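In what follows, a structure is listed as structure tokens, so that the remarks can point back to it.
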Amino acid sequence: MTKPVDHMPDQELDRLLVDRIWALGARAVQDDQISALADATLSTPTLEEYQNSRGQRMADLIKVIKLGISQLR
């Protein structure tokens, strides 16, 4: 049985939102054939992986997130 959204802890809600944004960004990368970001979308990063990334990896993750946010609009 799933929990109603209004009873979920904030951390779980944040993770659900980030997962949704990531999925939309990854789909935009695939649909628009953005080859420069293809490697970044091979897997969904955990929050810790995102926070610990540096350099080009961090830049690519941010681009995917931005694509996902733009898809929500």
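Just remember, in the structure tokens the first chain shown is A, the second B, etc., residues are 1-based per chain, and ligands are 1-based in the order shown.
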
For Trp22 of chain A, work out the shell of residues within 9 Å, counting only C-alpha atoms and skipping chain neighbours fewer than 3 positions away, then give it as a PDB file with N, CA and C atoms, in the first residue's frame.
```pdb
ATOM      1  N   LEU A  17      10.291  14.523  -6.430  1.00  0.00           N
ATOM      2  CA  LEU A  17      10.343  15.649  -7.360  1.00  0.00           C
ATOM      3  C   LEU A  17      11.625  15.604  -8.185  1.00  0.00           C
ATOM      4  N   VAL A  18      12.752  15.365  -7.532  1.00  0.00           N
ATOM      5  CA  VAL A  18      14.029  15.289  -8.253  1.00  0.00           C
ATOM      6  C   VAL A  18      14.002  14.126  -9.249  1.00  0.00           C
ATOM      7  N   ASP A  19      13.458  12.990  -8.852  1.00  0.00           N
ATOM      8  CA  ASP A  19      13.362  11.848  -9.764  1.00  0.00           C
ATOM      9  C   ASP A  19      12.506  12.191 -10.981  1.00  0.00           C
ATOM     10  N   GLY A  25      14.231  15.384 -17.827  1.00  0.00           N
ATOM     11  CA  GLY A  25      15.468  15.856 -18.447  1.00  0.00           C
ATOM     12  C   GLY A  25      16.134  14.781 -19.274  1.00  0.00           C
ATOM     13  N   ALA A  26      16.176  13.555 -18.744  1.00  0.00           N
ATOM     14  CA  ALA A  26      16.781  12.438 -19.473  1.00  0.00           C
ATOM     15  C   ALA A  26      16.006  12.148 -20.760  1.00  0.00           C
ATOM     16  N   ARG A  27      14.683  12.249 -20.684  1.00  0.00           N
ATOM     17  CA  ARG A  27      13.877  12.025 -21.889  1.00  0.00           C
ATOM     18  C   ARG A  27      14.135  13.123 -22.932  1.00  0.00           C
ATOM     19  N   THR A  41      22.968  10.561 -18.626  1.00  0.00           N
ATOM     20  CA  THR A  41      21.617  10.043 -18.410  1.00  0.00           C
ATOM     21  C   THR A  41      21.538   8.525 -18.419  1.00  0.00           C
ATOM     22  N   THR A  44      20.233   7.174 -13.106  1.00  0.00           N
ATOM     23  CA  THR A  44      19.742   8.271 -12.279  1.00  0.00           C
ATOM     24  C   THR A  44      20.667   8.408 -11.073  1.00  0.00           C
ATOM     25  N   PRO A  45      21.266   9.589 -10.904  1.00  0.00           N
ATOM     26  CA  PRO A  45      22.176   9.742  -9.767  1.00  0.00           C
ATOM     27  C   PRO A  45      21.415   9.825  -8.446  1.00  0.00           C
ATOM     28  N   LEU A  61      25.150  17.067 -15.087  1.00  0.00           N
ATOM     29  CA  LEU A  61      23.981  16.779 -14.249  1.00  0.00           C
ATOM     30  C   LEU A  61      23.097  18.014 -14.124  1.00  0.00           C
ATOM     31  N   VAL A  64      21.046  18.478 -17.292  1.00  0.00           N
ATOM     32  CA  VAL A  64      19.919  17.543 -17.375  1.00  0.00           C
ATOM     33  C   VAL A  64      18.786  18.019 -16.454  1.00  0.00           C
ATOM     34  N   ILE A  65      19.135  18.456 -15.245  1.00  0.00           N
ATOM     35  CA  ILE A  65      18.133  18.969 -14.312  1.00  0.00           C
ATOM     36  C   ILE A  65      17.432  20.185 -14.905  1.00  0.00           C
ATOM     37  N   LYS A  66      18.191  21.094 -15.508  1.00  0.00           N
ATOM     38  CA  LYS A  66      17.588  22.283 -16.123  1.00  0.00           C
ATOM     39  C   LYS A  66      16.641  21.905 -17.256  1.00  0.00           C
ATOM     40  N   LEU A  67      17.025  20.908 -18.050  1.00  0.00           N
ATOM     41  CA  LEU A  67      16.134  20.425 -19.108  1.00  0.00           C
ATOM     42  C   LEU A  67      14.828  19.882 -18.504  1.00  0.00           C
ATOM     43  N   GLY A  68      14.961  19.131 -17.416  1.00  0.00           N
ATOM     44  CA  GLY A  68      13.783  18.579 -16.765  1.00  0.00           C
ATOM     45  C   GLY A  68      12.870  19.657 -16.227  1.00  0.00           C
ATOM     46  N   ILE A  69      13.447  20.686 -15.623  1.00  0.00           N
ATOM     47  CA  ILE A  69      12.645  21.792 -15.096  1.00  0.00           C
ATOM     48  C   ILE A  69      11.928  22.503 -16.230  1.00  0.00           C
TER      49      ILE A  69
END
```

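Taking atom CA of Asp10 of chain A and atom CA of Gln71 of chain A as the two end points, the separation is 22.8 Å.
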
**Prompt:** Quick one: distance from atom CA of Arg15 of chain A to atom CA of Lys63 of chain A in Å, one decimal?
**Reply:** 18.1 Å

**Request:** Fewer than 3 positions away in the same chain doesn't count, so skip those; otherwise give me all residues within 8 Å of segment 33-39 of chain A, counting only C-alpha atoms, as a count of residues only.
**Result:** 6

Which of chain A counts as helix (DSSP H, G or I) under DSSP, as a PDB file with N, CA and C atoms, in the first residue's frame please?
```pdb
ATOM      1  N   VAL A   5       0.487  11.219  -0.496  1.00  0.00           N
ATOM      2  CA  VAL A   5       1.550  12.210  -0.643  1.00  0.00           C
ATOM      3  C   VAL A   5       1.574  13.189   0.519  1.00  0.00           C
ATOM      4  N   ASP A   6       0.412  13.557   1.062  1.00  0.00           N
ATOM      5  CA  ASP A   6       0.386  14.547   2.131  1.00  0.00           C
ATOM      6  C   ASP A   6       0.922  14.009   3.463  1.00  0.00           C
ATOM      7  N   HIS A   7       1.229  12.733   3.526  1.00  0.00           N
ATOM      8  CA  HIS A   7       1.782  12.150   4.751  1.00  0.00           C
ATOM      9  C   HIS A   7       3.238  11.714   4.584  1.00  0.00           C
ATOM     10  N   ASP A  10       9.227  15.290   4.074  1.00  0.00           N
ATOM     11  CA  ASP A  10       9.726  16.230   3.072  1.00  0.00           C
ATOM     12  C   ASP A  10      10.856  15.644   2.237  1.00  0.00           C
ATOM     13  N   GLN A  11      11.739  14.876   2.862  1.00  0.00           N
ATOM     14  CA  GLN A  11      12.871  14.294   2.141  1.00  0.00           C
ATOM     15  C   GLN A  11      12.382  13.348   1.041  1.00  0.00           C
ATOM     16  N   GLU A  12      11.353  12.573   1.333  1.00  0.00           N
ATOM     17  CA  GLU A  12      10.801  11.666   0.315  1.00  0.00           C
ATOM     18  C   GLU A  12      10.136  12.447  -0.805  1.00  0.00           C
ATOM     19  N   LEU A  13       9.424  13.511  -0.447  1.00  0.00           N
ATOM     20  CA  LEU A  13       8.790  14.353  -1.464  1.00  0.00           C
ATOM     21  C   LEU A  13       9.843  15.005  -2.344  1.00  0.00           C
ATOM     22  N   ASP A  14      10.928  15.482  -1.735  1.00  0.00           N
ATOM     23  CA  ASP A  14      12.020  16.080  -2.510  1.00  0.00           C
ATOM     24  C   ASP A  14      12.600  15.074  -3.483  1.00  0.00           C
ATOM     25  N   ARG A  15      12.808  13.845  -3.022  1.00  0.00           N
ATOM     26  CA  ARG A  15      13.376  12.805  -3.880  1.00  0.00           C
ATOM     27  C   ARG A  15      12.431  12.486  -5.037  1.00  0.00           C
ATOM     28  N   LEU A  16      11.125  12.433  -4.762  1.00  0.00           N
ATOM     29  CA  LEU A  16      10.157  12.170  -5.828  1.00  0.00           C
ATOM     30  C   LEU A  16      10.194  13.275  -6.881  1.00  0.00           C
ATOM     31  N   LEU A  17      10.291  14.523  -6.430  1.00  0.00           N
ATOM     32  CA  LEU A  17      10.343  15.649  -7.360  1.00  0.00           C
ATOM     33  C   LEU A  17      11.625  15.604  -8.185  1.00  0.00           C
ATOM     34  N   VAL A  18      12.752  15.365  -7.532  1.00  0.00           N
ATOM     35  CA  VAL A  18      14.029  15.289  -8.253  1.00  0.00           C
ATOM     36  C   VAL A  18      14.002  14.126  -9.249  1.00  0.00           C
ATOM     37  N   ASP A  19      13.458  12.990  -8.852  1.00  0.00           N
ATOM     38  CA  ASP A  19      13.362  11.848  -9.764  1.00  0.00           C
ATOM     39  C   ASP A  19      12.506  12.191 -10.981  1.00  0.00           C
ATOM     40  N   ARG A  20      11.405  12.897 -10.747  1.00  0.00           N
ATOM     41  CA  ARG A  20      10.523  13.286 -11.861  1.00  0.00           C
ATOM     42  C   ARG A  20      11.235  14.271 -12.788  1.00  0.00           C
ATOM     43  N   ILE A  21      11.904  15.261 -12.203  1.00  0.00           N
ATOM     44  CA  ILE A  21      12.636  16.236 -13.006  1.00  0.00           C
ATOM     45  C   ILE A  21      13.736  15.540 -13.795  1.00  0.00           C
ATOM     46  N   TRP A  22      14.467  14.630 -13.134  1.00  0.00           N
ATOM     47  CA  TRP A  22      15.544  13.905 -13.816  1.00  0.00           C
ATOM     48  C   TRP A  22      14.982  13.103 -14.984  1.00  0.00           C
ATOM     49  N   ALA A  23      13.890  12.406 -14.774  1.00  0.00           N
ATOM     50  CA  ALA A  23      13.299  11.587 -15.840  1.00  0.00           C
ATOM     51  C   ALA A  23      12.906  12.458 -17.034  1.00  0.00           C
ATOM     52  N   LEU A  24      12.325  13.622 -16.768  1.00  0.00           N
ATOM     53  CA  LEU A  24      11.959  14.523 -17.855  1.00  0.00           C
ATOM     54  C   LEU A  24      13.188  15.055 -18.582  1.00  0.00           C
ATOM     55  N   GLY A  25      14.231  15.384 -17.827  1.00  0.00           N
ATOM     56  CA  GLY A  25      15.468  15.856 -18.447  1.00  0.00           C
ATOM     57  C   GLY A  25      16.134  14.781 -19.274  1.00  0.00           C
ATOM     58  N   ALA A  26      16.176  13.555 -18.744  1.00  0.00           N
ATOM     59  CA  ALA A  26      16.781  12.438 -19.473  1.00  0.00           C
ATOM     60  C   ALA A  26      16.006  12.148 -20.760  1.00  0.00           C
ATOM     61  N   ARG A  27      14.683  12.249 -20.684  1.00  0.00           N
ATOM     62  CA  ARG A  27      13.877  12.025 -21.889  1.00  0.00           C
ATOM     63  C   ARG A  27      14.135  13.123 -22.932  1.00  0.00           C
ATOM     64  N   ALA A  28      14.291  14.369 -22.471  1.00  0.00           N
ATOM     65  CA  ALA A  28      14.606  15.464 -23.388  1.00  0.00           C
ATOM     66  C   ALA A  28      15.955  15.243 -24.064  1.00  0.00           C
ATOM     67  N   VAL A  29      16.934  14.732 -23.316  1.00  0.00           N
ATOM     68  CA  VAL A  29      18.252  14.422 -23.879  1.00  0.00           C
ATOM     69  C   VAL A  29      18.099  13.381 -24.984  1.00  0.00           C
ATOM     70  N   GLN A  30      17.313  12.344 -24.734  1.00  0.00           N
ATOM     71  CA  GLN A  30      17.106  11.291 -25.725  1.00  0.00           C
ATOM     72  C   GLN A  30      16.314  11.801 -26.922  1.00  0.00           C
ATOM     73  N   ASP A  31      15.196  12.509 -26.650  1.00  0.00           N
ATOM     74  CA  ASP A  31      14.336  12.987 -27.732  1.00  0.00           C
ATOM     75  C   ASP A  31      15.040  13.984 -28.646  1.00  0.00           C
ATOM     76  N   SER A  35      23.842  14.435 -27.735  1.00  0.00           N
ATOM     77  CA  SER A  35      24.874  13.419 -27.510  1.00  0.00           C
ATOM     78  C   SER A  35      25.850  13.808 -26.403  1.00  0.00           C
ATOM     79  N   ALA A  36      26.077  15.093 -26.196  1.00  0.00           N
ATOM     80  CA  ALA A  36      27.019  15.533 -25.161  1.00  0.00           C
ATOM     81  C   ALA A  36      26.540  15.159 -23.760  1.00  0.00           C
ATOM     82  N   LEU A  37      25.230  14.961 -23.588  1.00  0.00           N
ATOM     83  CA  LEU A  37      24.682  14.621 -22.275  1.00  0.00           C
ATOM     84  C   LEU A  37      24.240  13.162 -22.163  1.00  0.00           C
ATOM     85  N   ASP A  39      25.820  10.321 -21.868  1.00  0.00           N
ATOM     86  CA  ASP A  39      26.468   9.538 -20.803  1.00  0.00           C
ATOM     87  C   ASP A  39      25.917   9.883 -19.428  1.00  0.00           C
ATOM     88  N   ALA A  40      25.570  11.146 -19.217  1.00  0.00           N
ATOM     89  CA  ALA A  40      25.063  11.577 -17.909  1.00  0.00           C
ATOM     90  C   ALA A  40      23.712  10.952 -17.598  1.00  0.00           C
ATOM     91  N   THR A  41      22.968  10.561 -18.626  1.00  0.00           N
ATOM     92  CA  THR A  41      21.617  10.043 -18.410  1.00  0.00           C
ATOM     93  C   THR A  41      21.538   8.525 -18.419  1.00  0.00           C
ATOM     94  N   LEU A  47      21.127  11.384  -4.606  1.00  0.00           N
ATOM     95  CA  LEU A  47      21.408  12.720  -4.100  1.00  0.00           C
ATOM     96  C   LEU A  47      22.883  12.845  -3.720  1.00  0.00           C
ATOM     97  N   GLU A  48      23.428  11.808  -3.108  1.00  0.00           N
ATOM     98  CA  GLU A  48      24.830  11.824  -2.707  1.00  0.00           C
ATOM     99  C   GLU A  48      25.763  11.893  -3.922  1.00  0.00           C
ATOM    100  N   GLU A  49      25.442  11.147  -4.972  1.00  0.00           N
ATOM    101  CA  GLU A  49      26.257  11.198  -6.189  1.00  0.00           C
ATOM    102  C   GLU A  49      26.218  12.593  -6.804  1.00  0.00           C
ATOM    103  N   TYR A  50      25.038  13.191  -6.802  1.00  0.00           N
ATOM    104  CA  TYR A  50      24.898  14.541  -7.336  1.00  0.00           C
ATOM    105  C   TYR A  50      25.721  15.527  -6.509  1.00  0.00           C
ATOM    106  N   GLN A  51      25.596  15.445  -5.188  1.00  0.00           N
ATOM    107  CA  GLN A  51      26.312  16.370  -4.306  1.00  0.00           C
ATOM    108  C   GLN A  51      27.822  16.183  -4.378  1.00  0.00           C
ATOM    109  N   ASN A  52      28.284  14.973  -4.614  1.00  0.00           N
ATOM    110  CA  ASN A  52      29.718  14.684  -4.636  1.00  0.00           C
ATOM    111  C   ASN A  52      30.349  14.840  -6.011  1.00  0.00           C
ATOM    112  N   GLY A  55      33.313  19.138 -11.459  1.00  0.00           N
ATOM    113  CA  GLY A  55      33.753  19.417 -12.821  1.00  0.00           C
ATOM    114  C   GLY A  55      32.695  19.181 -13.881  1.00  0.00           C
ATOM    115  N   GLN A  56      33.098  18.507 -14.947  1.00  0.00           N
ATOM    116  CA  GLN A  56      32.209  18.278 -16.088  1.00  0.00           C
ATOM    117  C   GLN A  56      31.011  17.420 -15.713  1.00  0.00           C
ATOM    118  N   ARG A  57      31.214  16.446 -14.845  1.00  0.00           N
ATOM    119  CA  ARG A  57      30.093  15.593 -14.408  1.00  0.00           C
ATOM    120  C   ARG A  57      29.013  16.450 -13.753  1.00  0.00           C
ATOM    121  N   MET A  58      29.410  17.350 -12.849  1.00  0.00           N
ATOM    122  CA  MET A  58      28.445  18.232 -12.192  1.00  0.00           C
ATOM    123  C   MET A  58      27.757  19.124 -13.225  1.00  0.00           C
ATOM    124  N   ALA A  59      28.516  19.673 -14.154  1.00  0.00           N
ATOM    125  CA  ALA A  59      27.941  20.539 -15.187  1.00  0.00           C
ATOM    126  C   ALA A  59      26.899  19.777 -16.014  1.00  0.00           C
ATOM    127  N   ASP A  60      27.212  18.525 -16.366  1.00  0.00           N
ATOM    128  CA  ASP A  60      26.267  17.724 -17.154  1.00  0.00           C
ATOM    129  C   ASP A  60      25.004  17.416 -16.354  1.00  0.00           C
ATOM    130  N   LEU A  61      25.150  17.067 -15.087  1.00  0.00           N
ATOM    131  CA  LEU A  61      23.981  16.779 -14.249  1.00  0.00           C
ATOM    132  C   LEU A  61      23.097  18.014 -14.124  1.00  0.00           C
ATOM    133  N   ILE A  62      23.701  19.166 -13.950  1.00  0.00           N
ATOM    134  CA  ILE A  62      22.934  20.412 -13.849  1.00  0.00           C
ATOM    135  C   ILE A  62      22.173  20.680 -15.144  1.00  0.00           C
ATOM    136  N   LYS A  63      22.804  20.431 -16.286  1.00  0.00           N
ATOM    137  CA  LYS A  63      22.136  20.642 -17.580  1.00  0.00           C
ATOM    138  C   LYS A  63      20.919  19.733 -17.718  1.00  0.00           C
ATOM    139  N   VAL A  64      21.046  18.478 -17.292  1.00  0.00           N
ATOM    140  CA  VAL A  64      19.919  17.543 -17.375  1.00  0.00           C
ATOM    141  C   VAL A  64      18.786  18.019 -16.454  1.00  0.00           C
ATOM    142  N   ILE A  65      19.135  18.456 -15.245  1.00  0.00           N
ATOM    143  CA  ILE A  65      18.133  18.969 -14.312  1.00  0.00           C
ATOM    144  C   ILE A  65      17.432  20.185 -14.905  1.00  0.00           C
ATOM    145  N   LYS A  66      18.191  21.094 -15.508  1.00  0.00           N
ATOM    146  CA  LYS A  66      17.588  22.283 -16.123  1.00  0.00           C
ATOM    147  C   LYS A  66      16.641  21.905 -17.256  1.00  0.00           C
ATOM    148  N   LEU A  67      17.025  20.908 -18.050  1.00  0.00           N
ATOM    149  CA  LEU A  67      16.134  20.425 -19.108  1.00  0.00           C
ATOM    150  C   LEU A  67      14.828  19.882 -18.504  1.00  0.00           C
ATOM    151  N   GLY A  68      14.961  19.131 -17.416  1.00  0.00           N
ATOM    152  CA  GLY A  68      13.783  18.579 -16.765  1.00  0.00           C
ATOM    153  C   GLY A  68      12.870  19.657 -16.227  1.00  0.00           C
ATOM    154  N   ILE A  69      13.447  20.686 -15.623  1.00  0.00           N
ATOM    155  CA  ILE A  69      12.645  21.792 -15.096  1.00  0.00           C
ATOM    156  C   ILE A  69      11.928  22.503 -16.230  1.00  0.00           C
ATOM    157  N   SER A  70      12.620  22.702 -17.349  1.00  0.00           N
ATOM    158  CA  SER A  70      11.969  23.364 -18.479  1.00  0.00           C
ATOM    159  C   SER A  70      10.808  22.540 -19.028  1.00  0.00           C
ATOM    160  N   GLN A  71      10.888  21.217 -18.906  1.00  0.00           N
ATOM    161  CA  GLN A  71       9.786  20.347 -19.358  1.00  0.00           C
ATOM    162  C   GLN A  71       8.565  20.466 -18.442  1.00  0.00           C
ATOM    163  N   LEU A  72       8.793  20.806 -17.178  1.00  0.00           N
ATOM    164  CA  LEU A  72       7.671  20.972 -16.250  1.00  0.00           C
ATOM    165  C   LEU A  72       6.875  22.237 -16.531  1.00  0.00           C
TER     166      LEU A  72
END
```
